[in-house]
$ cat protein_12.cif   # mmCIF, C-alpha atoms and all ligand atoms
data_query
loop_
_atom_site.label_atom_id
_atom_site.label_comp_id
_atom_site.auth_asym_id
_atom_site.auth_seq_id
_atom_site.Cartn_x
_atom_site.Cartn_y
_atom_site.Cartn_z
CA MET F 1 36.10 -318.58 106.56
CA LYS F 2 37.50 -315.72 104.56
CA GLN F 3 36.03 -315.43 101.08
CA LEU F 4 38.74 -315.51 98.38
CA PRO F 5 38.34 -313.06 95.50
CA PRO F 6 37.36 -314.71 92.21
CA ALA F 7 40.34 -316.23 90.41
CA ILE F 8 41.61 -314.20 87.46
CA THR F 9 43.48 -316.47 85.08
CA VAL F 10 46.33 -315.25 82.89
CA THR F 11 44.24 -315.86 79.78
CA ARG F 12 40.66 -316.81 78.99
CA THR F 13 39.38 -318.32 75.76
CA VAL F 14 37.13 -315.95 73.82
CA MET F 15 33.86 -317.67 72.83
CA PRO F 16 31.44 -316.55 70.10
CA PRO F 17 27.66 -316.52 70.72
CA LEU F 18 26.63 -320.19 70.79
CA GLU F 19 23.75 -319.66 68.30
CA GLU F 20 26.23 -318.43 65.73
CA TYR F 21 28.40 -321.52 66.11
CA VAL F 22 25.31 -323.73 65.95
CA GLY F 23 24.40 -322.00 62.67
CA TYR F 24 27.63 -323.34 61.16
CA LEU F 25 27.06 -326.76 62.75
CA THR F 26 23.69 -326.90 60.99
CA GLN F 27 25.56 -326.54 57.68
CA VAL F 28 28.01 -329.29 58.70
CA TRP F 29 25.17 -331.64 59.64
CA ALA F 30 23.43 -330.93 56.33
CA SER F 31 26.57 -331.65 54.27
CA GLY F 32 27.85 -334.55 56.39
CA HIS F 33 31.32 -333.19 55.56
CA LEU F 34 33.44 -333.08 58.75
CA THR F 35 37.00 -332.88 57.48
CA ASN F 36 39.39 -333.37 54.53
CA ASN F 37 39.40 -329.77 53.39
CA GLY F 38 35.66 -329.19 53.63
CA PRO F 39 33.77 -326.04 52.63
CA LEU F 40 34.17 -324.22 55.97
CA VAL F 41 37.94 -324.79 55.96
CA GLY F 42 38.04 -323.38 52.41
CA GLN F 43 35.89 -320.40 53.44
CA LEU F 44 38.05 -319.63 56.48
CA GLU F 45 41.26 -319.93 54.40
CA ASN F 46 39.81 -317.41 51.92
CA GLU F 47 38.66 -315.00 54.63
CA LEU F 48 42.03 -315.23 56.40
CA GLY F 49 43.74 -314.62 53.05
CA SER F 50 41.76 -311.36 52.68
CA PHE F 51 42.53 -310.37 56.29
CA LEU F 52 46.23 -311.00 55.51
CA ASP F 53 46.45 -308.77 52.43
CA GLY F 54 45.87 -311.52 49.87
CA ALA F 55 48.40 -314.07 51.17
CA GLN F 56 47.91 -317.83 50.72
CA VAL F 57 46.71 -319.49 53.93
CA GLU F 58 46.84 -323.22 54.66
CA LEU F 59 45.03 -324.17 57.86
CA THR F 60 46.64 -326.88 59.99
CA ALA F 61 45.77 -329.01 63.01
CA ASN F 62 47.82 -326.75 65.30
CA GLY F 63 50.70 -324.27 65.35
CA THR F 64 53.33 -326.92 66.11
CA VAL F 65 52.56 -329.05 63.06
CA ALA F 66 52.61 -325.79 61.08
CA LEU F 67 56.23 -325.25 62.22
CA GLN F 68 57.15 -328.82 61.24
CA LEU F 69 55.45 -328.43 57.85
CA ALA F 70 57.34 -325.17 57.28
CA ILE F 71 60.69 -326.90 57.86
CA ARG F 72 59.64 -329.81 55.59
CA ALA F 73 58.24 -327.58 52.86
CA LEU F 74 61.56 -325.73 52.61
CA ASP F 75 63.56 -329.03 52.67
CA LEU F 76 65.75 -327.88 55.56
CA THR F 77 68.33 -330.38 56.84
CA GLY F 78 71.18 -328.43 58.46
CA GLU F 79 71.49 -325.63 60.98
CA VAL F 80 68.54 -323.34 61.67
CA ILE F 81 69.32 -320.09 63.46
CA THR F 82 66.60 -319.47 66.02
CA THR F 83 65.61 -317.54 69.11
CA PRO F 84 66.08 -318.69 72.71
CA PHE F 85 63.04 -316.61 73.78
CA SER F 86 59.91 -318.35 72.48
CA TYR F 87 57.52 -321.14 73.36
CA VAL F 88 59.20 -324.58 73.44
CA ALA F 89 57.44 -325.65 70.21
CA THR F 90 59.74 -323.37 68.16
CA THR F 91 62.87 -325.31 69.17
CA ALA F 92 61.14 -328.69 69.47
CA ALA F 93 59.92 -328.48 65.85
CA ILE F 94 63.51 -327.91 64.65
CA LEU F 95 64.74 -330.91 66.66
CA TRP F 96 61.73 -333.04 65.62
CA GLU F 97 62.61 -332.39 61.97
CA ARG F 98 66.21 -333.50 62.67
CA CYS F 99 67.71 -330.06 62.13
CA GLN F 100 70.17 -328.35 64.45
CA PRO F 101 68.97 -325.25 66.35
CA VAL F 102 71.62 -322.53 66.67
CA PHE F 103 70.60 -319.84 69.15
CA VAL F 104 71.13 -316.13 68.58
CA ASP F 105 70.35 -313.83 71.50
CA ILE F 106 67.42 -311.38 71.57
CA GLU F 107 67.48 -307.62 71.41
CA PRO F 108 66.46 -305.61 74.48
CA HIS F 109 63.48 -303.63 73.11
CA THR F 110 61.24 -306.17 71.36
CA PHE F 111 62.70 -309.36 72.91
CA CYS F 112 62.86 -310.73 69.32
CA LEU F 113 65.96 -312.30 67.74
CA ASP F 114 68.75 -309.70 67.46
CA ALA F 115 69.41 -309.25 63.73
CA THR F 116 72.73 -307.51 64.46
CA LYS F 117 74.02 -310.79 65.98
CA LEU F 118 72.83 -312.99 63.08
CA GLU F 119 75.82 -312.88 60.77
CA ALA F 120 78.26 -314.08 63.43
CA ALA F 121 76.19 -317.29 63.82
CA ILE F 122 76.06 -318.19 60.10
CA THR F 123 78.17 -321.22 59.09
CA PRO F 124 78.38 -323.22 55.80
CA ARG F 125 75.70 -325.53 57.29
CA THR F 126 73.21 -322.72 58.01
CA GLN F 127 70.08 -323.09 55.90
CA ALA F 128 67.43 -320.93 57.52
CA ILE F 129 66.39 -318.46 60.19
CA LEU F 130 63.37 -319.26 62.39
CA ALA F 131 62.47 -316.26 64.54
CA THR F 132 59.44 -315.52 66.74
CA HIS F 133 57.47 -312.26 66.79
CA VAL F 134 57.45 -312.23 70.60
CA TYR F 135 54.17 -311.09 72.24
CA GLY F 136 53.11 -309.79 68.80
CA TYR F 137 56.04 -307.33 68.58
CA PRO F 138 57.71 -307.63 65.17
CA CYS F 139 61.20 -308.95 64.48
CA ASP F 140 63.35 -306.58 62.43
CA VAL F 141 61.93 -308.12 59.24
CA MET F 142 63.86 -305.78 56.91
CA ALA F 143 67.28 -306.50 58.44
CA ILE F 144 66.58 -310.26 58.58
CA GLU F 145 65.46 -310.31 54.95
CA ALA F 146 68.60 -308.43 53.84
CA ILE F 147 70.92 -310.90 55.62
CA ALA F 148 68.94 -313.92 54.39
CA ARG F 149 69.24 -312.66 50.79
CA ARG F 150 72.98 -312.08 51.14
CA TYR F 151 73.64 -315.60 52.46
CA GLY F 152 70.93 -317.48 50.53
CA LEU F 153 68.99 -318.47 53.67
CA LYS F 154 65.27 -319.22 54.03
CA VAL F 155 63.25 -317.24 56.58
CA ILE F 156 60.46 -318.73 58.69
CA TYR F 157 58.65 -316.67 61.31
CA ASP F 158 56.82 -318.20 64.23
CA GLY F 159 53.85 -315.85 64.13
CA ALA F 160 51.86 -317.58 66.89
CA HIS F 161 51.55 -314.24 68.73
CA ALA F 162 51.46 -311.99 65.68
CA PHE F 163 47.95 -312.32 64.23
CA GLY F 164 46.65 -308.77 63.66
CA THR F 165 49.96 -306.89 63.92
CA ARG F 166 50.85 -304.77 60.87
CA VAL F 167 54.30 -303.46 59.92
CA HIS F 168 55.10 -300.90 57.22
CA GLY F 169 51.42 -301.06 56.16
CA ARG F 170 51.43 -304.86 55.68
CA ALA F 171 50.23 -307.80 57.78
CA LEU F 172 53.25 -309.02 59.77
CA LEU F 173 52.36 -312.64 58.90
CA THR F 174 53.11 -312.00 55.21
CA TYR F 175 56.88 -311.42 55.75
CA GLY F 176 59.51 -314.15 55.24
CA ASP F 177 59.27 -317.25 53.04
CA LEU F 178 56.72 -318.69 55.44
CA THR F 179 55.04 -317.65 58.64
CA THR F 180 53.41 -320.14 60.98
CA CYS F 181 50.52 -319.23 63.20
CA SER F 182 48.78 -320.90 66.13
CA PHE F 183 45.01 -320.74 66.52
CA HIS F 184 45.09 -322.48 69.89
CA ALA F 185 42.25 -321.58 72.28
CA THR F 186 44.57 -319.33 74.33
CA LYS F 187 45.52 -317.07 71.39
CA LEU F 188 44.01 -313.72 70.37
CA PHE F 189 42.17 -315.43 67.47
CA HIS F 190 41.51 -319.18 67.66
CA THR F 191 39.80 -322.22 66.22
CA GLY F 192 39.89 -324.28 69.45
CA GLU F 193 42.96 -326.17 68.30
CA GLY F 194 44.46 -325.05 65.02
CA GLY F 195 47.11 -323.18 63.17
CA ALA F 196 48.12 -322.00 59.73
CA LEU F 197 50.94 -321.44 57.31
CA VAL F 198 50.98 -318.11 55.54
CA THR F 199 52.97 -317.41 52.38
CA THR F 200 52.80 -315.23 49.31
CA ASP F 201 54.28 -318.07 47.18
CA ALA F 202 51.46 -320.05 45.53
CA ALA F 203 53.71 -323.02 44.62
CA LEU F 204 54.90 -323.30 48.22
CA ALA F 205 51.26 -323.18 49.40
CA ARG F 206 50.41 -326.12 47.08
CA LYS F 207 53.35 -328.11 48.46
CA ILE F 208 52.16 -327.41 52.02
CA TRP F 209 48.65 -328.55 51.06
CA LEU F 210 50.12 -331.85 49.82
CA LEU F 211 52.35 -332.26 52.89
CA LYS F 212 49.41 -331.78 55.27
CA SER F 213 47.14 -334.07 53.19
CA HIS F 214 49.19 -337.32 53.27
CA GLY F 215 51.13 -336.25 50.16
CA HIS F 216 48.54 -337.33 47.64
CA MET F 217 45.76 -335.95 45.49
CA GLY F 218 43.27 -338.71 44.79
CA ASP F 219 45.26 -341.61 43.34
CA THR F 220 48.31 -339.50 42.57
CA TYR F 221 50.96 -339.97 45.27
CA VAL F 222 53.51 -337.14 45.11
CA LEU F 223 55.56 -337.12 48.33
CA PRO F 224 55.51 -338.57 51.85
CA GLY F 225 53.13 -336.40 53.83
CA THR F 226 51.46 -336.33 57.21
CA ASN F 227 48.00 -335.53 58.51
CA GLY F 228 48.19 -331.85 59.39
CA LYS F 229 44.63 -330.96 58.40
CA THR F 230 41.98 -329.28 60.50
CA SER F 231 38.24 -330.00 60.67
CA GLU F 232 35.03 -328.19 59.80
CA LEU F 233 34.23 -327.95 63.54
CA ASN F 234 37.43 -325.97 64.13
CA ALA F 235 36.97 -323.83 61.01
CA ALA F 236 33.43 -322.94 62.17
CA MET F 237 34.88 -321.43 65.37
CA GLY F 238 37.30 -319.35 63.29
CA LEU F 239 34.50 -318.12 60.99
CA CYS F 240 32.55 -316.94 64.06
CA LEU F 241 35.53 -315.13 65.60
CA LEU F 242 37.37 -313.62 62.62
CA PRO F 243 34.91 -310.72 62.04
CA ARG F 244 35.32 -309.82 65.73
CA VAL F 245 39.15 -309.58 65.64
CA PRO F 246 39.22 -305.77 65.16
CA ALA F 247 36.91 -305.39 68.19
CA PHE F 248 39.11 -307.77 70.23
CA ILE F 249 42.20 -305.73 69.36
CA ALA F 250 40.45 -302.44 70.23
CA ALA F 251 39.33 -303.85 73.60
CA ARG F 252 42.86 -305.13 74.29
CA ALA F 253 44.37 -301.75 73.34
CA ALA F 254 42.12 -300.02 75.90
CA LEU F 255 43.05 -302.55 78.62
CA HIS F 256 46.74 -302.12 77.73
CA ARG F 257 46.47 -298.34 78.19
CA LEU F 258 44.63 -298.84 81.47
CA TYR F 259 47.27 -301.23 82.85
CA ARG F 260 50.06 -298.84 81.82
CA ALA F 261 48.30 -295.89 83.49
CA GLU F 262 47.54 -297.82 86.70
CA LEU F 263 51.12 -299.13 86.93
CA ALA F 264 52.80 -295.80 86.06
CA GLY F 265 55.74 -294.89 88.28
CA LEU F 266 56.54 -298.47 89.36
CA PRO F 267 59.94 -300.05 88.61
CA LEU F 268 58.58 -302.05 85.67
CA ARG F 269 59.93 -302.24 82.12
CA TYR F 270 57.96 -303.02 78.98
CA PRO F 271 58.88 -304.06 75.44
CA VAL F 272 59.09 -301.12 73.02
CA LEU F 273 57.10 -301.05 69.80
CA PRO F 274 59.26 -300.33 66.71
CA ALA F 275 58.30 -297.44 64.42
CA ASP F 276 55.62 -297.91 61.76
CA THR F 277 53.94 -300.82 63.60
CA GLU F 278 50.24 -301.35 64.37
CA TYR F 279 50.27 -303.62 67.42
CA ASN F 280 47.78 -306.44 68.11
CA TYR F 281 48.05 -306.22 71.93
CA ALA F 282 48.48 -309.98 72.23
CA TYR F 283 49.97 -310.03 75.76
CA PHE F 284 50.76 -307.80 78.71
CA PRO F 285 54.32 -308.60 79.84
CA VAL F 286 56.08 -306.68 82.61
CA VAL F 287 59.81 -306.96 83.34
CA LEU F 288 60.67 -306.74 87.06
CA PRO F 289 63.96 -305.36 88.44
CA ASP F 290 65.29 -308.88 89.15
CA GLU F 291 64.26 -312.54 89.27
CA GLU F 292 63.70 -312.65 93.02
CA THR F 293 61.21 -309.75 92.77
CA ALA F 294 59.45 -311.37 89.80
CA VAL F 295 58.93 -314.63 91.69
CA ARG F 296 57.75 -312.77 94.82
CA LEU F 297 55.28 -310.73 92.78
CA GLN F 298 53.95 -313.90 91.13
CA VAL F 299 53.33 -315.33 94.62
CA ALA F 300 51.77 -312.06 95.87
CA LEU F 301 49.34 -312.11 92.91
CA ALA F 302 48.55 -315.82 93.34
CA THR F 303 47.71 -315.18 97.02
CA GLN F 304 44.99 -312.79 95.80
CA GLY F 305 43.70 -315.27 93.19
CA VAL F 306 45.48 -313.65 90.23
CA GLY F 307 47.43 -315.80 87.78
CA ALA F 308 50.64 -314.39 86.28
CA ARG F 309 52.82 -316.55 84.07
CA ARG F 310 56.58 -316.71 83.66
CA TYR F 311 56.34 -316.64 79.88
CA PHE F 312 58.77 -317.47 78.41
CA TYR F 313 60.78 -319.29 81.05
CA PRO F 314 63.21 -321.03 80.88
CA THR F 315 65.03 -319.94 77.73
CA LEU F 316 65.19 -322.54 74.95
CA ASN F 317 69.00 -322.63 74.86
CA ALA F 318 68.78 -324.08 78.39
CA LEU F 319 66.37 -326.98 77.72
CA PRO F 320 67.55 -330.11 79.55
CA TYR F 321 67.50 -332.19 76.33
CA HIS F 322 69.28 -329.70 74.09
CA ILE F 323 71.69 -327.21 75.58
CA GLY F 324 72.75 -324.36 73.30
CA ALA F 325 75.24 -321.52 73.69
CA PRO F 326 74.57 -318.94 76.45
CA CYS F 327 72.21 -316.07 75.53
CA PRO F 328 72.67 -313.51 78.33
CA MET F 329 69.98 -311.04 77.20
CA ALA F 330 67.30 -313.72 76.80
CA GLU F 331 68.27 -315.37 80.10
CA ASP F 332 68.09 -312.01 81.87
CA ILE F 333 64.63 -311.16 80.49
CA ALA F 334 63.23 -314.69 80.93
CA GLY F 335 64.28 -314.65 84.58
CA ARG F 336 62.31 -311.53 85.46
CA VAL F 337 59.37 -311.26 83.05
CA LEU F 338 55.76 -311.94 84.06
CA CYS F 339 52.73 -311.93 81.76
CA LEU F 340 49.75 -310.46 83.60
CA PRO F 341 46.13 -311.54 82.95
CA PHE F 342 45.16 -310.23 79.53
CA TYR F 343 42.20 -311.04 77.30
CA ALA F 344 39.56 -309.09 75.40
CA ASP F 345 36.79 -309.42 78.00
CA LEU F 346 38.96 -308.75 81.05
CA ALA F 347 37.01 -306.08 83.00
CA ALA F 348 38.50 -302.66 83.74
CA GLU F 349 37.72 -303.33 87.43
CA GLN F 350 39.84 -306.49 87.27
CA VAL F 351 42.76 -304.51 85.81
CA GLY F 352 42.31 -302.04 88.67
CA PHE F 353 42.26 -304.87 91.22
CA ILE F 354 45.44 -306.45 89.77
CA ALA F 355 47.20 -303.08 89.57
CA ARG F 356 46.36 -302.31 93.22
CA ILE F 357 48.02 -305.57 94.30
CA ILE F 358 51.15 -304.63 92.34
CA VAL F 359 51.21 -301.06 93.69
CA ALA F 360 50.85 -302.44 97.23
CA PHE F 361 53.65 -304.92 96.54
CA PHE F 362 56.04 -302.08 95.77
CA GLN F 363 54.66 -299.63 98.36
CA PRO F 364 54.09 -301.49 101.63
CA SER F 365 52.41 -298.42 103.17
CA HIS F 366 49.50 -298.90 100.77
CA PRO F 367 46.21 -299.63 102.64
CA ILE F 368 45.95 -303.22 101.29
CA LEU F 369 49.06 -304.31 103.20
CA SER F 370 49.76 -301.57 105.73
CA HIS F 371 47.77 -302.99 108.65
CA ASP F 372 49.31 -306.47 108.56
CA GLN F 373 52.75 -305.89 107.08
CA PRO F 374 53.91 -302.39 108.06
CA HIS F 375 57.09 -301.36 106.25
CA THR F 376 58.55 -304.85 106.03
CA GLN F 377 59.32 -304.81 102.29
CA PRO F 378 62.59 -303.41 100.98
CA THR F 379 62.54 -300.43 98.71
CA ILE F 380 63.20 -301.49 95.13
CA ALA F 381 65.20 -299.22 92.90
CA CYS F 382 64.11 -298.44 89.37
CA ALA F 383 65.70 -300.61 86.65
C1 LIG J 401 51.23 -321.31 70.99
C2 LIG J 401 52.56 -321.26 70.38
C3 LIG J 401 53.06 -322.29 69.56
C4 LIG J 401 52.37 -323.63 69.41
O1 LIG J 401 51.12 -323.59 68.85
P1 LIG J 401 50.08 -324.78 69.13
O2 LIG J 401 48.91 -324.39 68.29
O3 LIG J 401 49.79 -324.79 70.58
O4 LIG J 401 50.72 -326.05 68.67
C5 LIG J 401 54.28 -322.10 68.93
N1 LIG J 401 55.00 -320.98 69.12
C6 LIG J 401 54.58 -319.99 69.92
C7 LIG J 401 55.42 -318.75 70.05
C8 LIG J 401 53.36 -320.09 70.60
O5 LIG J 401 52.96 -319.11 71.41
#

$ encode --input "protein_12.cif" --output "structure tokens" --more "lines below"
Ligand SMILES: *Cc1c(COP(=O)(O)O)cnc(C)c1O
Amino acid sequence: MKQLPPAITVTRTVMPPLEEYVGYLTQVWASGHLTNNGPLVGQLENELGSFLDGAQVELTANGTVALQLAIRALDLTGEVITTPFSYVATTAAILWERCQPVFVDIEPHTFCLDATKLEAAITPRTQAILATHVYGYPCDVMAIEAIARRYGLKVIYDGAHAFGTRVHGRALLTYGDLTTCSFHATKLFHTGEGGALVTTDAALARKIWLLKSHGHMGDTYVLPGTNGKTSELNAAMGLCLLPRVPAFIAARAALHRLYRAELAGLPLRYPVLPADTEYNYAYFPVVLPDEETAVRLQVALATQGVGARRYFYPTLNALPYHIGAPCPMAEDIAGRVLCLPFYADLAAEQVGFIARIIVAFFQPSHPILSHDQPHTQPTIACA
């Protein structure tokens, strides 16, 4: 039987050395303190605050509850302008909190919400903007802030992809009234399951603390809360990984350059980094000439044991349980984007292997395919 090449998944969870994690566990066992804002959660919140230029950080159970807490903390009840091109949690959190998502299309370079289309979507019921920094590329934070000021709107960013990106010399997660983050195991930096709210407003941070801690401090009951806390076991993972984030980003940057070099000359499009941005290299998306080609390439990669994900697909304005207005740009990109395998310890040889499959896909005379499929594939024009 023919031996299949080892499977390369689209992402792989980065793990710290086990001894280091066990070192933190030894502290947890000694204290007997597993949750309810224990010392490791406090330590990680402080270290994340330093990493994020002195912002207030409230750790949460995951990135989805962080989105819900953000909507609660800002007392939103009406329309929330949001992006159709994000993970489903962005829209689901708005619906879960009984607000009305209003979709504004994305712009073609960063795939983030198009700030030039914002004003046309504002109504008397609009209370906030919730936009995602897609793949770690920044929204136009300056333009969004200017419009929000003019119309008295709150700004929440879904920063689940944005940990480590810097814009205009500042951590991207510090923009807006609140930014939510996911520290799920598949993200660049993680705590197994987990997330955070980031704000520069200390009063808002205290309110979030109360909301995630059942709304009470000892015997003083202040407001109806939920359990959005995280545990010492999750915080320990974050404490192990946080010092390694700069090395993860450097490794990802090198892999990004390698992919781009290996794929040069093919009819692929990439998002464009805005000026004055230090990128975190969270994902490696490629935009194919059309949907049919994207789906065929996904199959061609899968045949060779390589996972590529249609991420994000479908667009959130087309969810079966909440249909929004058409968003042609987002629908176009979502139809033909693939995220290729990308994680800090992906080997250069694996990038080479994946790139050779893609080159062969576009050039059927390439040795990988030439002997069994001579010149059967159509020529694909550049987008
Ligand atoms: C991962 C992710 C979330 C959800 O975070 P969880 O920690 O999995 O709940 C929300 N938005 C975006 C853009 C994400 O990528």

$ residues_around --input "protein_12.cif" --residues "Val222 (chain F)" --least-positions-apart "3" --cutoff "10 Å" --atoms "all atoms listed in the file" --output "mmCIF file with C-alpha atoms, in the frame of the given file"
data_model
loop_
_atom_site.group_PDB
_atom_site.id
_atom_site.type_symbol
_atom_site.label_atom_id
_atom_site.label_comp_id
_atom_site.auth_asym_id
_atom_site.auth_seq_id
_atom_site.Cartn_x
_atom_site.Cartn_y
_atom_site.Cartn_z
ATOM 1 C CA LYS F 207 53.350 -328.110 48.460
ATOM 2 C CA LEU F 210 50.120 -331.850 49.820
ATOM 3 C CA LEU F 211 52.350 -332.260 52.890
ATOM 4 C CA HIS F 214 49.190 -337.320 53.270
ATOM 5 C CA GLY F 215 51.130 -336.250 50.160
ATOM 6 C CA HIS F 216 48.540 -337.330 47.640
ATOM 7 C CA MET F 217 45.760 -335.950 45.490
ATOM 8 C CA ASP F 219 45.260 -341.610 43.340
ATOM 9 C CA GLY F 225 53.130 -336.400 53.830
#

$ closest_atom_pairs --input "protein_12.cif" --of "chain F" --to "ligand LIG 401 (chain J)" --cutoff "8 Å" --atoms "only C-alpha atoms and all ligand atoms" --output "CSV"
residue,atom,partner,partner_atom,distance
F:Ala61,CA,J:LIG401,O2,7.7
F:Asn62,CA,J:LIG401,O2,4.0
F:Gly63,CA,J:LIG401,O2,3.4
F:Thr64,CA,J:LIG401,O4,3.8
F:Val65,CA,J:LIG401,O4,6.6
F:Ala66,CA,J:LIG401,O4,7.8
F:Leu67,CA,J:LIG401,C5,7.7
F:Ser86,CA,J:LIG401,C7,5.1
F:Tyr87,CA,J:LIG401,C7,4.6
F:Val88,CA,J:LIG401,N1,7.0
F:Ala89,CA,J:LIG401,C5,4.9
F:Thr90,CA,J:LIG401,N1,5.4
F:Thr132,CA,J:LIG401,C7,6.1
F:His133,CA,J:LIG401,C7,7.5
F:Val134,CA,J:LIG401,C7,6.9
F:Asp158,CA,J:LIG401,N1,5.9
F:Gly159,CA,J:LIG401,C7,6.8
F:Ala160,CA,J:LIG401,C8,4.7
F:His161,CA,J:LIG401,O5,5.7
F:Cys181,CA,J:LIG401,O1,7.2
F:Ser182,CA,J:LIG401,O2,4.1
F:Phe183,CA,J:LIG401,O2,5.6
F:His184,CA,J:LIG401,O2,4.6
F:Thr186,CA,J:LIG401,C1,7.7
F:Lys187,CA,J:LIG401,C1,7.1
F:Glu193,CA,J:LIG401,O2,6.2
F:Gly194,CA,J:LIG401,O2,5.6
F:Gly195,CA,J:LIG401,O2,5.6

$ closest_residue --input "protein_12.cif" --among "F:Ala236, F:Ile144, F:Leu52, F:Leu74" --to "Thr165 (chain F)" --atoms "all atoms listed in the file"
F:Leu52

$ atom_distance --input "protein_12.cif" --atom1 "CA of His168 (chain F)" --atom2 "CA of Val57 (chain F)"
20.7 Å

$ closest_residue --input "protein_12.cif" --among "F:Leu258, F:Leu297, F:Leu268, F:Val286" --to "Gly352 (chain F)" --atoms "all atoms listed in the file"
F:Leu258

$ closest_residue --input "protein_12.cif" --among "F:Gln56, F:Thr77, F:Leu241, F:Pro314" --to "Leu18 (chain F)" --atoms "all atoms listed in the file"
F:Leu241

$ residues_around --input "protein_12.cif" --residues "Tyr151 (chain F)" --least-positions-apart "2" --cutoff "10 Å" --atoms "only C-alpha atoms" --output "number ranges by chain"
F: 119, 122-124, 126-128, 146-149, 153-154

$ residues_around --input "protein_12.cif" --residues "Leu319 (chain F)" --least-positions-apart "4" --cutoff "10 Å" --atoms "all atoms listed in the file" --output "list in words"
Pro84, Val88, Thr91, Ala92, Pro314, Thr315, Ile323 and Gly324 of chain F

$ write_last_selection --input "protein_12.cif" --atoms "C-alpha atoms" --output "PDB file, keeping the file's coordinate frame"
ATOM      1  CA  PRO F  84      66.080-318.690  72.710  1.00  0.00           C
ATOM      2  CA  VAL F  88      59.200-324.580  73.440  1.00  0.00           C
ATOM      3  CA  THR F  91      62.870-325.310  69.170  1.00  0.00           C
ATOM      4  CA  ALA F  92      61.140-328.690  69.470  1.00  0.00           C
ATOM      5  CA  PRO F 314      63.210-321.030  80.880  1.00  0.00           C
ATOM      6  CA  THR F 315      65.030-319.940  77.730  1.00  0.00           C
ATOM      7  CA  ILE F 323      71.690-327.210  75.580  1.00  0.00           C
ATOM      8  CA  GLY F 324      72.750-324.360  73.300  1.00  0.00           C
TER       9      GLY F 324
END

$ atom_distance --input "protein_12.cif" --atom1 "CA of Gly23 (chain F)" --atom2 "CA of Pro243 (chain F)"
15.4 Å

$ closest_residue --input "protein_12.cif" --among "F:Val299, F:Cys339, F:Ala261, F:Leu118" --to "Phe284 (chain F)" --atoms "all atoms listed in the file"
F:Cys339

$ atom_distance --input "protein_12.cif" --atom1 "CA of Ala203 (chain F)" --atom2 "CA of Asn227 (chain F)"
19.5 Å

$ residues_near_point --input "protein_12.cif" --point "(38.5, -320.8, 57.9)" --cutoff "6 Å" --atoms "all atoms listed in the file" --output "PDB file with C-alpha atoms, keeping the file's coordinate frame"
ATOM      1  CA  LEU F  40      34.170-324.220  55.970  1.00  0.00           C
ATOM      2  CA  VAL F  41      37.940-324.790  55.960  1.00  0.00           C
ATOM      3  CA  GLN F  43      35.890-320.400  53.440  1.00  0.00           C
ATOM      4  CA  LEU F  44      38.050-319.630  56.480  1.00  0.00           C
ATOM      5  CA  GLU F  45      41.260-319.930  54.400  1.00  0.00           C
ATOM      6  CA  ALA F 235      36.970-323.830  61.010  1.00  0.00           C
ATOM      7  CA  GLY F 238      37.300-319.350  63.290  1.00  0.00           C
ATOM      8  CA  LEU F 239      34.500-318.120  60.990  1.00  0.00           C
TER       9      LEU F 239
END

$ residues_around --input "protein_12.cif" --residues "Thr83 (chain F)" --least-positions-apart "2" --cutoff "8 Å" --atoms "only C-alpha atoms" --output "MDAnalysis selection string"
chainID F and resid 81 85:86 103:106 112:113 130:132 316

$ write_last_selection --input "protein_12.cif" --atoms "C-alpha atoms" --output "PDB file, in the coordinates of the input"
ATOM      1  CA  ILE F  81      69.320-320.090  63.460  1.00  0.00           C
ATOM      2  CA  PHE F  85      63.040-316.610  73.780  1.00  0.00           C
ATOM      3  CA  SER F  86      59.910-318.350  72.480  1.00  0.00           C
ATOM      4  CA  PHE F 103      70.600-319.840  69.150  1.00  0.00           C
ATOM      5  CA  VAL F 104      71.130-316.130  68.580  1.00  0.00           C
ATOM      6  CA  ASP F 105      70.350-313.830  71.500  1.00  0.00           C
ATOM      7  CA  ILE F 106      67.420-311.380  71.570  1.00  0.00           C
ATOM      8  CA  CYS F 112      62.860-310.730  69.320  1.00  0.00           C
ATOM      9  CA  LEU F 113      65.960-312.300  67.740  1.00  0.00           C
ATOM     10  CA  LEU F 130      63.370-319.260  62.390  1.00  0.00           C
ATOM     11  CA  ALA F 131      62.470-316.260  64.540  1.00  0.00           C
ATOM     12  CA  THR F 132      59.440-315.520  66.740  1.00  0.00           C
ATOM     13  CA  LEU F 316      65.190-322.540  74.950  1.00  0.00           C
TER      14      LEU F 316
END
